[in-house]
file upload13.cif (mmCIF, C-alpha atoms and all ligand atoms)
data_final
loop_
_atom_site.label_atom_id
_atom_site.label_comp_id
_atom_site.auth_asym_id
_atom_site.auth_seq_id
_atom_site.Cartn_x
_atom_site.Cartn_y
_atom_site.Cartn_z
CA MET A 1 -24.14 0.77 -4.40
CA HIS A 2 -25.92 3.52 -2.56
CA LYS A 3 -23.96 6.76 -2.34
CA ASN A 4 -24.13 8.55 1.03
CA PRO A 5 -25.73 11.98 0.98
CA LEU A 6 -23.37 14.56 2.48
CA PHE A 7 -25.97 15.35 5.12
CA ASN A 8 -28.93 13.13 5.86
CA PRO A 9 -31.14 14.49 8.67
CA GLN A 10 -33.22 11.26 8.60
CA GLY A 11 -30.13 9.15 9.23
CA ASP A 12 -29.61 6.89 12.22
CA ASP A 13 -26.10 6.84 13.70
CA THR A 14 -26.81 4.45 16.58
CA VAL A 15 -24.16 1.80 16.97
CA ALA A 16 -26.72 -1.00 16.94
CA ASN A 17 -27.91 0.04 13.48
CA ARG A 18 -24.54 0.94 12.01
CA SER A 19 -23.01 -1.09 9.18
CA ILE A 20 -19.76 -0.77 7.27
CA ILE A 21 -21.56 -0.01 3.98
CA LYS A 22 -25.19 0.45 2.95
CA GLY A 23 -26.09 1.97 6.31
CA ASN A 24 -28.23 5.03 6.91
CA CYS A 25 -25.89 7.51 8.58
CA THR A 26 -26.45 11.23 9.02
CA GLY A 27 -23.01 12.19 7.74
CA LEU A 28 -22.02 13.51 11.14
CA PHE A 29 -18.75 12.31 12.68
CA ASN A 30 -19.94 11.15 16.10
CA LEU A 31 -16.68 9.53 17.13
CA ASN A 32 -17.66 8.91 20.75
CA ASP A 33 -19.98 6.08 19.77
CA VAL A 34 -17.88 3.58 17.90
CA LYS A 35 -18.98 0.23 16.52
CA TYR A 36 -15.64 -0.86 15.04
CA SER A 37 -13.31 -0.73 18.01
CA TRP A 38 -10.24 -1.55 15.88
CA ALA A 39 -10.74 1.82 14.18
CA LYS A 40 -10.15 3.63 17.44
CA SER A 41 -6.83 1.86 18.02
CA MET A 42 -5.81 2.36 14.40
CA TYR A 43 -6.45 6.08 14.67
CA GLN A 44 -3.85 6.34 17.44
CA VAL A 45 -1.28 4.37 15.47
CA MET A 46 -1.82 6.25 12.19
CA VAL A 47 -1.66 9.68 13.81
CA GLY A 48 1.31 8.58 15.93
CA ASN A 49 3.15 7.69 12.72
CA PHE A 50 3.12 11.30 11.51
CA TRP A 51 6.32 12.30 9.70
CA VAL A 52 7.44 14.67 6.98
CA PRO A 53 10.07 13.90 4.33
CA GLU A 54 11.76 17.28 4.72
CA LYS A 55 12.96 16.18 8.17
CA VAL A 56 14.64 13.01 6.94
CA GLY A 57 18.33 13.81 6.69
CA GLY A 58 21.17 12.41 4.64
CA LEU A 59 19.78 12.71 1.12
CA ALA A 60 22.77 14.84 0.08
CA ASP A 61 24.97 11.80 0.75
CA ASP A 62 22.66 9.71 -1.40
CA ALA A 63 23.11 12.22 -4.22
CA ILE A 64 26.84 11.49 -4.18
CA MET A 65 26.32 7.75 -3.75
CA TYR A 66 23.84 7.69 -6.65
CA LYS A 67 26.60 8.55 -9.10
CA SER A 68 28.53 5.45 -8.08
CA LEU A 69 25.61 3.05 -8.57
CA THR A 70 25.79 0.72 -11.55
CA ALA A 71 23.75 1.63 -14.62
CA ASN A 72 21.33 -1.22 -13.78
CA GLU A 73 20.93 0.03 -10.22
CA GLN A 74 20.26 3.56 -11.45
CA ARG A 75 17.66 2.34 -13.93
CA ALA A 76 15.99 0.25 -11.22
CA TYR A 77 16.07 3.16 -8.76
CA LYS A 78 14.34 5.40 -11.28
CA GLY A 79 11.83 2.81 -12.48
CA ILE A 80 10.82 1.76 -8.97
CA ILE A 81 10.38 5.36 -7.84
CA SER A 82 8.28 6.01 -10.94
CA PHE A 83 5.98 3.09 -10.07
CA LEU A 84 5.74 4.09 -6.39
CA THR A 85 4.94 7.67 -7.41
CA PHE A 86 2.09 6.40 -9.55
CA LEU A 87 0.72 4.21 -6.75
CA ASP A 88 0.70 7.02 -4.21
CA SER A 89 -0.75 9.52 -6.70
CA ILE A 90 -3.70 7.34 -7.58
CA GLN A 91 -4.29 6.40 -3.95
CA THR A 92 -4.43 10.04 -2.89
CA VAL A 93 -7.15 10.89 -5.38
CA ASN A 94 -9.11 7.62 -5.31
CA LEU A 95 -9.42 7.01 -1.56
CA PRO A 96 -12.06 9.70 -0.98
CA SER A 97 -14.37 7.80 -3.35
CA TYR A 98 -14.64 4.95 -0.81
CA ALA A 99 -15.77 7.38 1.84
CA GLU A 100 -18.84 8.10 -0.30
CA TYR A 101 -20.03 4.54 0.25
CA ILE A 102 -18.73 3.58 3.69
CA THR A 103 -21.31 4.29 6.38
CA SER A 104 -19.11 4.30 9.46
CA SER A 105 -17.67 7.63 10.51
CA GLU A 106 -14.87 5.97 12.51
CA VAL A 107 -13.71 4.15 9.36
CA ASN A 108 -14.09 7.22 7.13
CA LEU A 109 -11.91 9.11 9.59
CA LEU A 110 -9.10 6.60 8.93
CA ILE A 111 -9.54 6.77 5.15
CA SER A 112 -9.08 10.55 5.32
CA ILE A 113 -5.88 10.09 7.33
CA GLN A 114 -4.69 7.50 4.83
CA ALA A 115 -5.31 9.87 1.91
CA PHE A 116 -3.25 12.52 3.72
CA GLN A 117 -0.43 10.02 4.21
CA GLU A 118 -0.45 9.06 0.52
CA ALA A 119 -0.06 12.75 -0.33
CA ILE A 120 2.93 12.92 2.04
CA HIS A 121 4.40 9.92 0.23
CA SER A 122 4.11 11.75 -3.08
CA GLN A 123 5.91 14.68 -1.47
CA SER A 124 8.64 12.31 -0.26
CA TYR A 125 9.38 11.14 -3.83
CA THR A 126 9.51 14.78 -4.87
CA THR A 127 12.03 15.41 -2.10
CA ILE A 128 14.13 12.44 -3.22
CA LEU A 129 14.04 13.57 -6.85
CA GLU A 130 14.91 17.13 -5.92
CA THR A 131 17.94 16.10 -3.89
CA VAL A 132 19.28 12.95 -5.51
CA ILE A 133 18.39 13.19 -9.20
CA GLU A 134 19.51 15.79 -11.71
CA ALA A 135 16.70 18.08 -12.86
CA ARG A 136 16.83 16.83 -16.46
CA GLU A 137 16.16 13.25 -15.30
CA ARG A 138 13.16 14.04 -13.09
CA GLU A 139 10.62 14.23 -15.91
CA GLU A 140 11.90 10.91 -17.18
CA ILE A 141 11.06 9.34 -13.82
CA TYR A 142 7.60 10.87 -13.45
CA TYR A 143 6.71 9.82 -16.99
CA PHE A 144 8.70 6.59 -17.19
CA TRP A 145 5.50 4.84 -18.33
CA ARG A 146 5.42 6.92 -21.51
CA ASP A 147 8.34 4.92 -22.89
CA ASP A 148 8.01 1.77 -20.83
CA GLU A 149 5.20 -0.48 -21.99
CA VAL A 150 5.38 -2.85 -19.04
CA LEU A 151 4.88 -0.01 -16.59
CA LEU A 152 2.17 1.58 -18.71
CA HIS A 153 0.30 -1.72 -18.78
CA ARG A 154 0.52 -2.07 -14.99
CA ASN A 155 -0.57 1.48 -14.25
CA THR A 156 -3.43 1.23 -16.72
CA TYR A 157 -4.64 -2.06 -15.21
CA ILE A 158 -4.82 -0.62 -11.70
CA GLY A 159 -6.31 2.66 -12.83
CA GLN A 160 -9.00 0.89 -14.86
CA ILE A 161 -10.33 -1.14 -11.91
CA TYR A 162 -10.70 2.04 -9.88
CA GLN A 163 -12.22 3.84 -12.85
CA ASP A 164 -14.73 1.02 -13.46
CA PHE A 165 -16.13 1.50 -9.98
CA LYS A 166 -16.32 5.27 -10.37
CA ASP A 167 -18.15 4.90 -13.69
CA PHE A 168 -20.35 1.90 -12.74
CA PRO A 169 -20.67 1.74 -8.95
CA SER A 170 -22.18 -1.74 -8.70
CA ASP A 171 -21.63 -4.02 -5.69
CA GLU A 172 -19.23 -6.17 -7.68
CA ASN A 173 -17.21 -3.22 -8.96
CA PHE A 174 -17.03 -1.87 -5.42
CA PHE A 175 -15.72 -5.20 -4.18
CA ARG A 176 -13.20 -5.41 -7.04
CA SER A 177 -12.04 -1.89 -6.31
CA LEU A 178 -11.52 -2.78 -2.63
CA ILE A 179 -9.49 -5.86 -3.55
CA ALA A 180 -7.44 -3.81 -6.04
CA ASN A 181 -6.79 -1.32 -3.27
CA TYR A 182 -5.78 -4.10 -0.90
CA LEU A 183 -3.43 -5.59 -3.51
CA LEU A 184 -1.92 -2.21 -4.24
CA GLU A 185 -1.23 -1.56 -0.55
CA SER A 186 -0.15 -5.04 0.39
CA LEU A 187 1.62 -6.45 -2.67
CA TYR A 188 2.53 -3.86 -5.29
CA PHE A 189 4.79 -1.75 -3.13
CA TYR A 190 6.89 -4.53 -1.72
CA ASN A 191 9.28 -5.70 -4.42
CA GLY A 192 10.20 -2.05 -4.78
CA PHE A 193 10.75 -1.83 -1.05
CA ALA A 194 12.88 -5.01 -1.20
CA PHE A 195 15.06 -3.33 -3.83
CA PHE A 196 15.71 -0.33 -1.57
CA ASP A 197 16.29 -2.65 1.40
CA THR A 198 18.83 -4.54 -0.70
CA LEU A 199 20.69 -1.32 -1.50
CA VAL A 200 20.76 -0.46 2.22
CA TYR A 201 21.94 -4.00 2.98
CA HIS A 202 24.95 -3.18 0.81
CA SER A 203 25.34 0.22 2.55
CA LYS A 204 24.01 2.13 -0.47
CA MET A 205 21.43 4.95 -0.59
CA THR A 206 20.71 4.73 3.12
CA ALA A 207 18.74 8.00 3.39
CA THR A 208 16.41 6.87 0.61
CA GLY A 209 16.09 3.62 2.53
CA ARG A 210 15.11 5.53 5.66
CA MET A 211 12.46 7.42 3.76
CA ILE A 212 11.14 4.15 2.35
CA GLY A 213 11.05 2.85 5.94
CA TYR A 214 8.67 5.61 6.94
CA ILE A 215 6.51 5.04 3.88
CA ARG A 216 6.36 1.31 4.52
CA ARG A 217 5.35 1.86 8.11
CA ASP A 218 2.36 3.89 6.86
CA GLU A 219 1.52 1.38 4.13
CA LEU A 220 1.34 -1.43 6.67
CA THR A 221 -1.41 0.42 8.55
CA HIS A 222 -3.24 0.79 5.22
CA VAL A 223 -2.97 -2.96 4.68
CA THR A 224 -4.59 -3.51 8.08
CA LEU A 225 -7.27 -0.89 7.46
CA PHE A 226 -8.44 -2.47 4.20
CA ALA A 227 -8.11 -6.02 5.52
CA ASN A 228 -10.39 -4.97 8.37
CA ILE A 229 -12.89 -3.29 6.03
CA LEU A 230 -12.97 -6.42 3.87
CA LYS A 231 -13.47 -8.66 6.89
CA GLU A 232 -16.37 -6.49 8.11
CA ILE A 233 -17.95 -6.71 4.65
CA ARG A 234 -17.60 -10.46 4.74
CA LYS A 235 -19.35 -10.54 8.14
CA GLU A 236 -22.15 -8.12 7.28
CA PHE A 237 -22.60 -8.73 3.54
CA PRO A 238 -21.29 -12.26 2.93
CA GLU A 239 -22.97 -12.41 -0.50
CA MET A 240 -20.70 -9.59 -1.67
CA PHE A 241 -17.47 -11.27 -0.60
CA ASN A 242 -16.68 -13.44 -3.61
CA GLU A 243 -13.62 -15.61 -2.91
CA GLN A 244 -13.23 -16.53 -6.56
CA ILE A 245 -12.85 -12.87 -7.50
CA VAL A 246 -10.24 -12.48 -4.76
CA TYR A 247 -8.22 -15.47 -5.95
CA ASP A 248 -8.44 -14.44 -9.61
CA MET A 249 -7.36 -10.89 -8.86
CA PHE A 250 -4.54 -12.09 -6.63
CA ALA A 251 -3.24 -14.44 -9.32
CA THR A 252 -3.23 -11.65 -11.91
CA ALA A 253 -1.60 -9.20 -9.51
CA VAL A 254 1.13 -11.68 -8.58
CA ASP A 255 1.93 -12.39 -12.24
CA GLN A 256 2.05 -8.68 -13.08
CA GLU A 257 4.18 -7.88 -10.07
CA ILE A 258 6.68 -10.58 -11.03
CA THR A 259 6.76 -9.51 -14.70
CA TRP A 260 7.33 -5.87 -13.76
CA THR A 261 9.96 -6.64 -11.13
CA ASP A 262 11.87 -8.95 -13.51
CA HIS A 263 11.65 -6.26 -16.16
CA ILE A 264 13.03 -3.48 -13.98
CA LEU A 265 15.40 -5.49 -11.73
CA GLY A 266 15.95 -8.71 -13.67
CA ASN A 267 19.08 -10.48 -12.56
CA SER A 268 21.10 -7.29 -12.44
CA ILE A 269 20.88 -6.49 -8.72
CA PRO A 270 22.99 -8.60 -6.34
CA GLY A 271 20.65 -10.46 -3.99
CA ILE A 272 17.62 -10.16 -6.27
CA ASN A 273 16.84 -12.43 -9.18
CA GLU A 274 13.84 -13.89 -10.97
CA GLU A 275 13.68 -16.78 -8.55
CA THR A 276 13.69 -14.66 -5.38
CA THR A 277 11.15 -12.27 -6.88
CA THR A 278 8.76 -15.12 -7.70
CA GLN A 279 9.16 -16.73 -4.29
CA TYR A 280 8.81 -13.45 -2.42
CA THR A 281 5.74 -12.25 -4.35
CA ARG A 282 3.94 -15.59 -3.91
CA TRP A 283 4.88 -15.76 -0.24
CA LEU A 284 3.56 -12.24 0.27
CA ALA A 285 0.30 -13.10 -1.52
CA ASN A 286 -0.19 -16.03 0.86
CA GLN A 287 0.42 -13.74 3.84
CA ARG A 288 -2.06 -11.19 2.56
CA LEU A 289 -4.72 -13.84 1.94
CA GLU A 290 -4.19 -15.14 5.46
CA ARG A 291 -4.99 -11.65 6.73
CA LEU A 292 -8.40 -12.12 5.07
CA HIS A 293 -8.67 -15.58 6.67
CA MET A 294 -8.30 -17.24 3.27
CA ASP A 295 -6.25 -20.25 2.22
CA PRO A 296 -2.92 -19.66 0.46
CA LEU A 297 -2.85 -19.42 -3.32
CA TYR A 298 0.66 -20.90 -3.38
CA PRO A 299 0.75 -23.44 -0.54
CA GLU A 300 4.14 -24.72 -1.70
CA VAL A 301 5.74 -21.36 -0.86
CA VAL A 302 6.21 -21.11 2.89
CA SER A 303 9.15 -18.75 3.38
CA THR A 304 10.54 -15.45 2.19
CA PRO A 305 13.91 -15.28 0.43
CA TYR A 306 14.48 -11.87 2.02
CA ALA A 307 14.66 -12.90 5.66
CA HIS A 308 18.10 -11.25 5.86
CA LEU A 309 16.50 -7.91 4.94
CA GLU A 310 13.95 -8.16 7.73
CA LYS A 311 16.79 -8.19 10.22
CA ILE A 312 18.40 -5.01 8.98
CA GLN A 313 15.09 -3.19 8.78
CA ASP A 314 13.52 -4.42 11.96
CA THR A 315 14.90 -2.28 14.70
CA ASN A 316 12.16 -3.13 17.14
CA SER A 317 13.50 -6.11 19.06
CA GLU A 318 10.08 -7.33 20.14
CA LYS A 319 8.86 -7.66 16.58
CA THR A 320 10.83 -10.02 14.47
CA ASN A 321 9.00 -9.58 11.20
CA PHE A 322 8.95 -6.01 10.00
CA PHE A 323 6.76 -6.82 7.05
CA GLU A 324 3.89 -7.40 9.42
CA SER A 325 4.70 -5.04 12.23
CA THR A 326 5.22 -1.40 12.82
CA VAL A 327 8.81 -0.27 12.86
CA VAL A 328 8.59 1.80 15.98
CA ASN A 329 11.89 3.51 16.50
CA TYR A 330 11.69 5.72 13.44
CA THR A 331 9.93 8.40 15.29
CA GLN A 332 8.85 10.19 18.40
CA SER A 333 5.32 8.97 18.83
CA SER A 334 4.13 5.51 18.08
CA SER A 335 1.30 4.31 20.19
CA MET A 336 0.41 0.70 19.69
CA ASN A 337 -2.20 0.39 22.39
CA GLY A 338 -5.22 -1.77 21.83
CA SER A 339 -6.01 -4.34 19.22
CA TRP A 340 -6.14 -2.81 15.75
CA ASP A 341 -6.29 -5.95 13.71
CA PHE A 342 -8.97 -8.60 14.10
ZN ZN B 401 1.62 5.53 0.19
ZN ZN B 402 -1.06 3.37 1.29
#
call {"tool": "encode", "arguments": {"input": "upload13.cif", "output": "structure tokens", "more": "lines below"}}
Ligand code: ZN
Ligand code: ZN
result
Amino acid sequence: MHKNPLFNPQGDDTVANRSIIKGNCTGLFNLNDVKYSWAKSMYQVMVGNFWVPEKVGGLADDAIMYKSLTANEQRAYKGIISFLTFLDSIQTVNLPSYAEYITSSEVNLLISIQAFQEAIHSQSYTTILETVIEAREREEIYYFWRDDEVLLHRNTYIGQIYQDFKDFPSDENFFRSLIANYLLESLYFYNGFAFFDTLVYHSKMTATGRMIGYIRRDELTHVTLFANILKEIRKEFPEMFNEQIVYDMFATAVDQEITWTDHILGNSIPGINEETTTQYTRWLANQRLERLHMDPLYPEVVSTPYAHLEKIQDTNSEKTNFFESTVVNYTQSSSMNGSWDF
């Protein structure tokens, strides 16, 4: 892969000659001339989603409620937050590396906003830990993977794919890194989210649930952003888009997600068990593949076992499936004008 110079006076930013990668851009952000019109609409949505965890109220109530959770629920709460903290940490530091190879300023603009949002997500876990969890337990959560081999294995697997691209920036490693990023954004977060939704469904830890709602709303724009990048690559560089790699990586990610979720939630949380986790993860994988215009990996799985959770989370009456839409009433400004998915 060719790395963009920071400033390239010989570059050509004209829309007709622009490509998603491997272009010859100057490095300047000329955002008036846009080739990828979805990026313009996404900018509005992502900026409109702005929020800060310090303004989300009610965590003091969660601190009281936390003490009445079962031991299994407390372990799950801590383990899931540990995994989410890892995901947002690695996203914050890894995302800028894509901008070194993407040759569209309108898309790089969005990646910068995404990196900012991942940093806010890290701050939101800090806020939760500060308010809900006793100081002596915080380190245990940040470094859960030190004593938990399943989590260590997961974190290492994700980190290694990103690291491989940084160390050996070949076309294939770039593509693998993009798919890993897409899986992280679109699959890895969601069993954790389902756990928090389930607590809220039982009127538990509702402030944490609200915070997770904000995070999820951001993550869903990241899913769309990387689905769009991948679809542009498929259009412009079809030889790079290797469906077999996508299917193989999806299958591995699904298996790991199920193993981890069973390990940390098992059959100990009412409403979640090994069967629902398997069905949900496979269903989600099919949905995410469809976003890339690919056939399902698990055609026998056609529904989610967590339909009841969609209803409690989806407060926007026009959208019935919150997993695929933006939950709009969380905040002041949410502009959804224009088509931001294609
Ligand atoms: Zn995030
Ligand atoms: Zn994200």
call {"tool": "residues_near_ligand", "arguments": {"input": "upload13.cif", "ligand": "ligand ZN 401 (chain B)", "cutoff": "10 Å", "atoms": "only C-alpha atoms and all ligand atoms", "output": "short mmCIF file (atom, residue, chain, number, x, y, z; two decimals) with C-alpha atoms, keeping the file's coordinate frame"}}
result
data_model
loop_
_atom_site.label_atom_id
_atom_site.label_comp_id
_atom_site.auth_asym_id
_atom_site.auth_seq_id
_atom_site.Cartn_x
_atom_site.Cartn_y
_atom_site.Cartn_z
CA LEU A 84 5.74 4.09 -6.39
CA THR A 85 4.94 7.67 -7.41
CA PHE A 86 2.09 6.40 -9.55
CA LEU A 87 0.72 4.21 -6.75
CA ASP A 88 0.70 7.02 -4.21
CA SER A 89 -0.75 9.52 -6.70
CA ILE A 90 -3.70 7.34 -7.58
CA GLN A 91 -4.29 6.40 -3.95
CA THR A 92 -4.43 10.04 -2.89
CA GLN A 114 -4.69 7.50 4.83
CA ALA A 115 -5.31 9.87 1.91
CA PHE A 116 -3.25 12.52 3.72
CA GLN A 117 -0.43 10.02 4.21
CA GLU A 118 -0.45 9.06 0.52
CA ALA A 119 -0.06 12.75 -0.33
CA ILE A 120 2.93 12.92 2.04
CA HIS A 121 4.40 9.92 0.23
CA SER A 122 4.11 11.75 -3.08
CA SER A 124 8.64 12.31 -0.26
CA LEU A 184 -1.92 -2.21 -4.24
CA GLU A 185 -1.23 -1.56 -0.55
CA PHE A 189 4.79 -1.75 -3.13
CA ILE A 212 11.14 4.15 2.35
CA TYR A 214 8.67 5.61 6.94
CA ILE A 215 6.51 5.04 3.88
CA ARG A 216 6.36 1.31 4.52
CA ARG A 217 5.35 1.86 8.11
CA ASP A 218 2.36 3.89 6.86
CA GLU A 219 1.52 1.38 4.13
CA LEU A 220 1.34 -1.43 6.67
CA HIS A 222 -3.24 0.79 5.22
#
call {"tool": "closest_residue", "arguments": {"input": "upload13.cif", "among": "A:Leu152, A:Ala63, A:Leu187, A:Cys25", "to": "ligand ZN 402 (chain B)", "atoms": "only C-alpha atoms and all ligand atoms"}}
result
A:Leu187
call {"tool": "closest_residue", "arguments": {"input": "upload13.cif", "among": "A:Thr259, A:Gly57, A:Leu110, A:Ile269", "to": "ligand ZN 402 (chain B)", "atoms": "only C-alpha atoms and all ligand atoms"}}
result
A:Leu110
call {"tool": "residues_around", "arguments": {"input": "upload13.cif", "residues": "Gly23 of chain A", "least_positions_apart": "2", "cutoff": "10 Å", "atoms": "only C-alpha atoms", "output": "PDB file with C-alpha atoms, keeping the file's coordinate frame"}}
result
ATOM      1  CA  HIS A   2     -25.920   3.520  -2.560  1.00  0.00           C
ATOM      2  CA  ASN A   4     -24.130   8.550   1.030  1.00  0.00           C
ATOM      3  CA  GLY A  11     -30.130   9.150   9.230  1.00  0.00           C
ATOM      4  CA  ASP A  12     -29.610   6.890  12.220  1.00  0.00           C
ATOM      5  CA  ASP A  13     -26.100   6.840  13.700  1.00  0.00           C
ATOM      6  CA  ASN A  17     -27.910   0.040  13.480  1.00  0.00           C
ATOM      7  CA  ARG A  18     -24.540   0.940  12.010  1.00  0.00           C
ATOM      8  CA  SER A  19     -23.010  -1.090   9.180  1.00  0.00           C
ATOM      9  CA  ILE A  20     -19.760  -0.770   7.270  1.00  0.00           C
ATOM     10  CA  ILE A  21     -21.560  -0.010   3.980  1.00  0.00           C
ATOM     11  CA  CYS A  25     -25.890   7.510   8.580  1.00  0.00           C
ATOM     12  CA  THR A  26     -26.450  11.230   9.020  1.00  0.00           C
ATOM     13  CA  TYR A 101     -20.030   4.540   0.250  1.00  0.00           C
ATOM     14  CA  ILE A 102     -18.730   3.580   3.690  1.00  0.00           C
ATOM     15  CA  THR A 103     -21.310   4.290   6.380  1.00  0.00           C
ATOM     16  CA  SER A 104     -19.110   4.300   9.460  1.00  0.00           C
TER      17      SER A 104
END
call {"tool": "residues_around", "arguments": {"input": "upload13.cif", "residues": "Tyr298 of chain A", "least_positions_apart": "2", "cutoff": "12 Å", "atoms": "all atoms listed in the file", "output": "list in words"}}
result
Tyr247, Phe250, Ala251, Val254, Thr278, Gln279, Tyr280, Thr281, Arg282, Trp283, Leu284, Ala285, Asn286, Gln287, Arg288, Leu289, Glu290, Met294, Asp295, Pro296, Glu300, Val301, Val302 and Ser303 of chain A
call {"tool": "write_last_selection", "arguments": {"input": "upload13.cif", "atoms": "C-alpha atoms", "output": "short mmCIF file (atom, residue, chain, number, x, y, z; two decimals), keeping the file's coordinate frame"}}
result
data_model
loop_
_atom_site.label_atom_id
_atom_site.label_comp_id
_atom_site.auth_asym_id
_atom_site.auth_seq_id
_atom_site.Cartn_x
_atom_site.Cartn_y
_atom_site.Cartn_z
CA TYR A 247 -8.22 -15.47 -5.95
CA PHE A 250 -4.54 -12.09 -6.63
CA ALA A 251 -3.24 -14.44 -9.32
CA VAL A 254 1.13 -11.68 -8.58
CA THR A 278 8.76 -15.12 -7.70
CA GLN A 279 9.16 -16.73 -4.29
CA TYR A 280 8.81 -13.45 -2.42
CA THR A 281 5.74 -12.25 -4.35
CA ARG A 282 3.94 -15.59 -3.91
CA TRP A 283 4.88 -15.76 -0.24
CA LEU A 284 3.56 -12.24 0.27
CA ALA A 285 0.30 -13.10 -1.52
CA ASN A 286 -0.19 -16.03 0.86
CA GLN A 287 0.42 -13.74 3.84
CA ARG A 288 -2.06 -11.19 2.56
CA LEU A 289 -4.72 -13.84 1.94
CA GLU A 290 -4.19 -15.14 5.46
CA MET A 294 -8.30 -17.24 3.27
CA ASP A 295 -6.25 -20.25 2.22
CA PRO A 296 -2.92 -19.66 0.46
CA GLU A 300 4.14 -24.72 -1.70
CA VAL A 301 5.74 -21.36 -0.86
CA VAL A 302 6.21 -21.11 2.89
CA SER A 303 9.15 -18.75 3.38
#
